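To start, the structure under review is shown below, and the notes come after it.
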Amino acid sequence: MKWQMPKKLLGLAAVGLVAGAGYLALPQKTEAQGATIKIAYVDPLSGPMAGIGDTGLKNFQFILEEINAKGGANGQKLEVVPFDNKLNAQETIVQVQKAIDSGIRIITQGNGTAFAIAISEFVTKYNERNPGKEVIYLNYAAVDPILTNAKCSYWHFRWDANTEQKMAAITAFLKDKKDVKKMYLINQDYAFGHGVRDLAVKFLKEKRPDIEVVGNELHPLAKITDFAPYIAKIKASGADSIITGNWGNDISLLIKAAADAGLQVNFFTFYAGGTGGPTAIKQANLSNRVFAVGEGFANIPHKASQDFEKGLRDKYKVGLFYPRGVNQLRMLAAAITQAKSDDPKKFAAVLHGMKFEVFNGGEGIMRADDHQFMQPMYMASFGPIKADQPFDEENTGWGWSIAGKVDSKDTAVPTTCKMNKPS
Amino acid sequence: MAELIIISTLNGVLYGMLLFLMASGLTLIFSMMGVLNFAHASFYMLGAFLGYQISQWAGFVPALILAPMIAGGIGALVERYGLRTVHKNGHVAELLFTFGLAFIIEEVIQMIWGKLSVDYRVPSWLDFSAFTIYATNYPAYKTFMLLFSIVIFIGLIFLLTRTRAGLIIQASLSHPNMVGMLGHNVPRVFMLVFGLGTALAAIAGVIAGAAYVTQSNMAALLGPILFVVVVVGGLGSLWGAFVASLLIGLLQTFAIASDWSLNKFFGDFITPTRGTLLFDVWNVTIAQVGPILPYLLLVLVLIFRPTGLFGTRET
């Protein structure tokens with residue numbers, strides 16, 4: 001008898017809570033014309049890869065400030081809203097659902113192919129079931145080729161070059177580097193790292209069959225705090241060069257450990273420019289021996305992009321890690337303006353096959369076949385900056401200079417995508 | 001090959017010694033109070049962040065002294081005002097208490113220092129390479145870490161076996177009631193041991209934080225492996241913890257250095273086709289399964305030697 005009342009009260013409270021949660025979860029009404037267009041940024045903002053998620057968020061905020069200052073998209077302002085996916089696939093979908101529930105219809109994500117696939121599939125399914133409420137997924141950095149091949153979707157658009165394109169650029173560059181003879185592959189043990197490893201083996205065989213692959217390593221993603229044991233192994237293998245797709249802490253700690261051990265090899269990387277990377281390279285004194293592939297670098301002599309870079313650095317004290325993010329958001333704004341609507345279904349049709357002058361100059365095209373953006377790619381090397389190079393990284397006095405360039409048309413790799421275009 | 005073996009041994013021993021600094025406190029607390037302290041690795045993390053903060057203000061040496069004292073003080077307070085009260089409600093309550101404490105510490109650290117890793121660097125006067133083996137440099141800071149943890153280890157052994165306080169601690173481990181009857185304040189001994197244990201973990205945090213990464217998930221990365229050390233070494237056995245720490249340190253480091261896979265040994269007899277399950281199993285290298293080897297060891301020890309390597313009672 002004594003417990004009757006509290007139980008009833010508890011029941012009432014529970015009903016209230018459920019009702020309240022249900023109310024909160026209801027999608028808000030479509031925002032009126034002129035209201036801010038929100039973009040959900042779903043990436044790790046805590047945990048080992050938070051550094052990279054945070055840099056990206058700041059990049060996006062600055063890019064949007066610039067776009068908004070120039071009039072926004074179709075007269076509306078754009079805003080990025082952060083959602084922390086904790087580098088976890090389940091949490092990613094929870095956060096995407098949360099974003100959709102709060103009325104956001106544009107999702108962007110980049111870190112982690114597994115999560116990208118999850119989002120792409122989720123969004124595609126969601127759009128089938130909710131016609132008229134379509135959600136679009138803008139991918140700025142998840143680079144598994146599968147997203148624009150076997151698992152391609154009309155609602156997924158990718159601005160980053162995929163692994164295949166990047167590896168093609170790296171190995172094309174290696175063609176003329178005759179001093180490279182023994183290659184060591186070290187990658188993260190998940191879909192993306194496996195992809196980098198397999199493509200490296202494949203392309204090296206085609207373009208430089210004389211290079212011997214002396215090691216092929218996979219290590220756990222975002223769990224290693226000391227790469228010294230791996231460095232000892234690389235040293236013992238006699239390798240003169242390393243190819244790695246590592247990103248975030250996994251690349252900066254790898255180079256840091258190499259610096260500590262005094263390992264002098266060439267690094268051919270995807271993401272050595274990430275937070276902590278430049279400091280480690282300088283510490284290792286690997287002048288012009290660390291290379292990164294990408295769609296843009298701060299020191300490319302191109303006035304508009306250098307002005308932009310300067311503005312970003314003055315304001316946020318970080319460099320532009322995602323030139324592709326600029327392409328993505330500028331194209332988004334242009335597509336919304338052209339479609340005269342912030343309805344994803346309408347502006348997706350504009351993005352499909354859209355041509356655009358890219359951030360660092362040159363033409364890019366969002367290929368209609370698979371929604372893979374085609375753009376000029378660069379190989380850059382890291383070393384002491386020269387007089388005509390305005391930007392160093394992380395106050396090291398060292399910066400990126402361009403060591404090679406591949407034009408848009410030469411990065412076009414074939415696709416197997418059969419896209420289901422909505423009617 | 002010799003180079004790889006020597007460097008891997010150094011790396012393995014270093015990692016093992018760090019594990020020992022943490023596990024020694026955990027095993028003492030575990031055996032004395034029967035409390036499986038889930039928050040132990042959190043004190044390691046707390047030590048790293050305090051070490052970072054104090055070294056920003058006053059330099060590395062003050063950090064090395066003050067941070068463990070503060071963390072140890074917090075540990076003692078936790079025992080005095082938290083665990084001792086919860087103790088009345090039995091072991092499950094204690095377990096849940098430390099479990100919750102781990103989350104609270106993590107959350108507080110995130111509130112103060114944020115979710116990103118902090119820029120905690122090796123002090124500049126230790127930032128050079130101490131010696132070169134063949135062609136590999138060994139950093140001075142790692143040499144320092146190694147020597148420092150050995151000194152702590154010797155000090156701990158001395159404290160426990162050669163001093164009056166150590167004798168009382170040892171006696172409290174096995175016969176707490178008798179020690180109480182003899183007029184010693186057993187609860188205070190518990191409090192001091194808890195404080196000492198957490199201070200040791202904090203020392204590990206201060207020195208490891210600078211060499212590796214100081215961020216709010218470092219406790220979660222290291223926590224589980226400490227329990228492996230304690231169980232494999234045997235409850236309450238300092239020597240056991242020492243041997244188990246080195247064993248696990250070396251095991252993990254050498255696993256990374258090895259490229260053995262089933263394919264290497266049996267590849268001539270059975271060659272599975274690509275894409276099948278067997279192909280994956282066949283080609284997984286020891287380096288790839290390295291991170292789970294300690295847990296395999298844990299399972300084996302629990303099955304075949306539940307007392308652990310040096311323990312006297314069952315886990």
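In the structure tokens, chains take letters A, B, ... by order of appearance, with residues numbered from 1 within each chain and ligands from 1 in the order shown.
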Stretch 315-414 of chain A: residues DSSP assigns to strand (DSSP E or B), reported as a VMD selection string: chain A and resid 355 to 357 363 to 366 372 to 374 377 to 384 398 to 406
Using C-alpha atoms, can you write the selected residues to a file as a compact mmCIF listing (two decimals), in the first residue's frame?
```txt
# COMPACT_ATOMS: atom_id res chain seq x y z
CA LYS A 355 30.25 21.91 -63.58
CA PHE A 356 32.08 24.33 -61.30
CA GLU A 357 35.29 26.37 -61.09
CA GLU A 363 37.24 23.00 -63.73
CA GLY A 364 35.51 20.34 -61.71
CA ILE A 365 32.46 18.30 -62.57
CA MET A 366 30.07 16.29 -60.42
CA GLN A 372 31.90 11.47 -57.88
CA PHE A 373 33.41 14.93 -58.22
CA MET A 374 36.22 15.13 -60.77
CA MET A 377 44.67 16.64 -58.02
CA TYR A 378 48.03 17.65 -56.60
CA MET A 379 50.98 15.93 -54.96
CA ALA A 380 52.58 18.21 -52.41
CA SER A 381 55.74 17.82 -50.37
CA PHE A 382 56.47 19.32 -46.98
CA GLY A 383 59.62 21.33 -46.30
CA PRO A 384 61.04 24.76 -45.40
CA TRP A 398 57.69 24.55 -43.08
CA GLY A 399 54.88 24.36 -45.61
CA TRP A 400 53.48 22.46 -48.57
CA SER A 401 54.78 22.97 -52.06
CA ILE A 402 53.39 21.42 -55.18
CA ALA A 403 55.43 18.51 -56.50
CA GLY A 404 53.05 17.26 -59.18
CA LYS A 405 49.59 17.82 -60.68
CA VAL A 406 47.02 15.60 -62.36
```
Give one line per residue of chain A that approaches chain B to at most 8 Å, naming the two atoms of the closest pair and their distance in Å to one decimal, counting only C-alpha atoms; sort by chain then ascending residue number and deliver it as a tab-separated table.
```
residue	atom	partner	partner_atom	distance
A:Leu45	CA	B:Lys115	CA	7.3
A:Ser46	CA	B:Lys115	CA	5.1
A:Gly47	CA	B:Asn217	CA	5.9
A:Pro48	CA	B:Asn217	CA	7.1
A:Ala50	CA	B:Leu116	CA	5.7
A:Gly51	CA	B:Leu116	CA	5.7
A:Glu217	CA	B:Ala287	CA	7.9
A:Leu218	CA	B:Gln288	CA	6.4
A:His219	CA	B:Gln288	CA	6.3
A:Pro220	CA	B:Gln288	CA	7.7
A:Lys223	CA	B:Leu221	CA	7.2
A:Thr225	CA	B:Tyr212	CA	5.5
A:Asp226	CA	B:Tyr212	CA	6.1
A:Ala228	CA	B:Asn11	CA	7.1
A:Pro229	CA	B:Thr253	CA	5.9
A:Tyr230	CA	B:Ile256	CA	6.6
A:Ala232	CA	B:Leu4	CA	5.9
A:Lys233	CA	B:Ala257	CA	5.5
A:Lys235	CA	B:Thr136	CA	7.9
A:Ala236	CA	B:Leu4	CA	5.9
A:Asp260	CA	B:Pro139	CA	5.9
A:Ala261	CA	B:Asn137	CA	4.5
A:Gly262	CA	B:Asn137	CA	5.5
A:Leu263	CA	B:Thr136	CA	7.1
```
Of the listed residues B:Phe310, B:Phe158, B:Phe194, B:Phe227, that which approaches B:Leu83 most closely, counting only C-alpha atoms: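 Selected residue with least distance to B:Leu83: B:Phe194.
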So which bits of stretch 50-295 of chain B end up helix (DSSP H, G or I) when you DSSP the backbone, as a ChimeraX atom specification? /B:50-58,60-89,91-113,124-126,140-162,164-174,176-181,186-211,218-233,238-257,262-266,277-283,286-295
Just the residues within 12 Å of A:Arg367, please, counting only C-alpha atoms, with nothing from its chain fewer than 2 positions along; format it as an mmCIF file with N, CA and C atoms, in the first residue's frame.
```
data_model
loop_
_atom_site.group_PDB
_atom_site.id
_atom_site.type_symbol
_atom_site.label_atom_id
_atom_site.label_comp_id
_atom_site.auth_asym_id
_atom_site.auth_seq_id
_atom_site.Cartn_x
_atom_site.Cartn_y
_atom_site.Cartn_z
ATOM 1 N N THR A 148 30.735 5.091 -54.717
ATOM 2 C CA THR A 148 30.346 5.574 -56.048
ATOM 3 C C THR A 148 30.410 4.433 -57.061
ATOM 4 N N TYR A 154 21.737 7.908 -55.587
ATOM 5 C CA TYR A 154 21.464 9.222 -56.164
ATOM 6 C C TYR A 154 21.573 10.313 -55.100
ATOM 7 N N HIS A 156 23.655 10.477 -52.595
ATOM 8 C CA HIS A 156 25.008 10.646 -52.066
ATOM 9 C C HIS A 156 25.862 11.374 -53.105
ATOM 10 N N PHE A 157 26.503 12.465 -52.674
ATOM 11 C CA PHE A 157 27.409 13.202 -53.564
ATOM 12 C C PHE A 157 28.768 13.283 -52.888
ATOM 13 N N ARG A 158 29.830 12.967 -53.622
ATOM 14 C CA ARG A 158 31.154 12.974 -52.998
ATOM 15 C C ARG A 158 32.069 14.004 -53.652
ATOM 16 N N TRP A 159 32.621 14.876 -52.816
ATOM 17 C CA TRP A 159 33.527 15.907 -53.321
ATOM 18 C C TRP A 159 35.001 15.529 -53.211
ATOM 19 N N ALA A 161 38.238 13.144 -53.821
ATOM 20 C CA ALA A 161 38.638 12.108 -54.762
ATOM 21 C C ALA A 161 38.639 10.788 -54.015
ATOM 22 N N VAL A 350 20.129 19.677 -59.771
ATOM 23 C CA VAL A 350 21.084 20.643 -60.316
ATOM 24 C C VAL A 350 22.526 20.145 -60.092
ATOM 25 N N LEU A 351 22.778 19.603 -58.879
ATOM 26 C CA LEU A 351 24.128 19.106 -58.568
ATOM 27 C C LEU A 351 24.535 17.967 -59.498
ATOM 28 N N HIS A 352 23.561 17.141 -59.862
ATOM 29 C CA HIS A 352 23.748 15.995 -60.744
ATOM 30 C C HIS A 352 24.346 16.458 -62.087
ATOM 31 N N GLY A 353 25.648 16.232 -62.268
ATOM 32 C CA GLY A 353 26.302 16.634 -63.517
ATOM 33 C C GLY A 353 26.784 18.073 -63.555
ATOM 34 N N MET A 354 26.732 18.780 -62.411
ATOM 35 C CA MET A 354 27.074 20.204 -62.364
ATOM 36 C C MET A 354 28.568 20.452 -62.594
ATOM 37 N N LYS A 355 28.858 21.502 -63.373
ATOM 38 C CA LYS A 355 30.252 21.914 -63.582
ATOM 39 C C LYS A 355 30.538 23.134 -62.721
ATOM 40 N N PHE A 356 31.786 23.262 -62.250
ATOM 41 C CA PHE A 356 32.080 24.331 -61.300
ATOM 42 C C PHE A 356 33.573 24.655 -61.308
ATOM 43 N N GLY A 364 35.930 21.599 -62.301
ATOM 44 C CA GLY A 364 35.512 20.341 -61.707
ATOM 45 C C GLY A 364 34.130 20.003 -62.198
ATOM 46 N N ILE A 365 33.812 18.707 -62.161
ATOM 47 C CA ILE A 365 32.464 18.301 -62.566
ATOM 48 C C ILE A 365 31.960 17.194 -61.652
ATOM 49 N N ASP A 369 27.175 10.030 -63.649
ATOM 50 C CA ASP A 369 27.089 8.571 -63.582
ATOM 51 C C ASP A 369 27.106 8.039 -62.149
ATOM 52 N N ASP A 370 27.934 8.675 -61.287
ATOM 53 C CA ASP A 370 28.130 8.098 -59.953
ATOM 54 C C ASP A 370 28.191 9.144 -58.838
ATOM 55 N N HIS A 371 28.021 10.432 -59.189
ATOM 56 C CA HIS A 371 28.128 11.524 -58.214
ATOM 57 C C HIS A 371 29.494 11.593 -57.557
ATOM 58 N N GLN A 372 30.520 11.282 -58.322
ATOM 59 C CA GLN A 372 31.903 11.467 -57.882
ATOM 60 C C GLN A 372 32.405 12.758 -58.524
ATOM 61 N N PHE A 373 32.907 13.671 -57.686
ATOM 62 C CA PHE A 373 33.414 14.933 -58.216
ATOM 63 C C PHE A 373 34.779 14.715 -58.844
ATOM 64 N N MET A 374 34.949 15.234 -60.060
ATOM 65 C CA MET A 374 36.224 15.127 -60.769
ATOM 66 C C MET A 374 36.907 16.482 -60.700
ATOM 67 N N GLN A 375 38.149 16.502 -60.245
ATOM 68 C CA GLN A 375 38.834 17.776 -60.037
ATOM 69 C C GLN A 375 40.333 17.585 -60.218
ATOM 70 N N SER A 408 41.832 17.129 -64.136
ATOM 71 C CA SER A 408 40.534 16.485 -63.876
ATOM 72 C C SER A 408 40.308 15.269 -64.758
ATOM 73 N N LYS A 409 40.533 15.448 -66.046
ATOM 74 C CA LYS A 409 40.170 14.362 -66.966
ATOM 75 C C LYS A 409 41.012 13.115 -66.711
ATOM 76 N N THR A 411 41.961 12.048 -63.844
ATOM 77 C CA THR A 411 41.616 11.366 -62.597
ATOM 78 C C THR A 411 40.355 10.523 -62.774
ATOM 79 N N ALA A 412 39.740 10.630 -63.953
ATOM 80 C CA ALA A 412 38.486 9.914 -64.169
ATOM 81 C C ALA A 412 38.736 8.416 -64.251
ATOM 82 N N VAL A 413 38.341 7.698 -63.217
ATOM 83 C CA VAL A 413 38.422 6.243 -63.251
ATOM 84 C C VAL A 413 37.025 5.716 -63.571
ATOM 85 N N PRO A 414 36.937 4.558 -64.254
ATOM 86 C CA PRO A 414 35.609 4.052 -64.633
ATOM 87 C C PRO A 414 34.780 3.685 -63.400
ATOM 88 N N THR A 415 33.464 3.706 -63.557
ATOM 89 C CA THR A 415 32.587 3.337 -62.448
ATOM 90 C C THR A 415 31.626 2.230 -62.869
ATOM 91 N N CYS A 417 28.733 2.036 -61.282
ATOM 92 C CA CYS A 417 27.490 2.477 -60.646
ATOM 93 C C CYS A 417 26.304 2.427 -61.606
ATOM 94 N N MET A 419 22.848 3.962 -61.320
ATOM 95 C CA MET A 419 22.137 4.841 -60.396
ATOM 96 C C MET A 419 20.633 4.808 -60.609
#
```
Contacts of B:Leu192 within 10 Å, only C-alpha atoms, excl. fewer than 6 positions in-chain, as a list in words: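 The residues satisfying every condition are Gly72, Gly73, Gly75, Ala76, Leu77, Glu79, Arg80, Ile169, Val186 and Thr198 of chain B.
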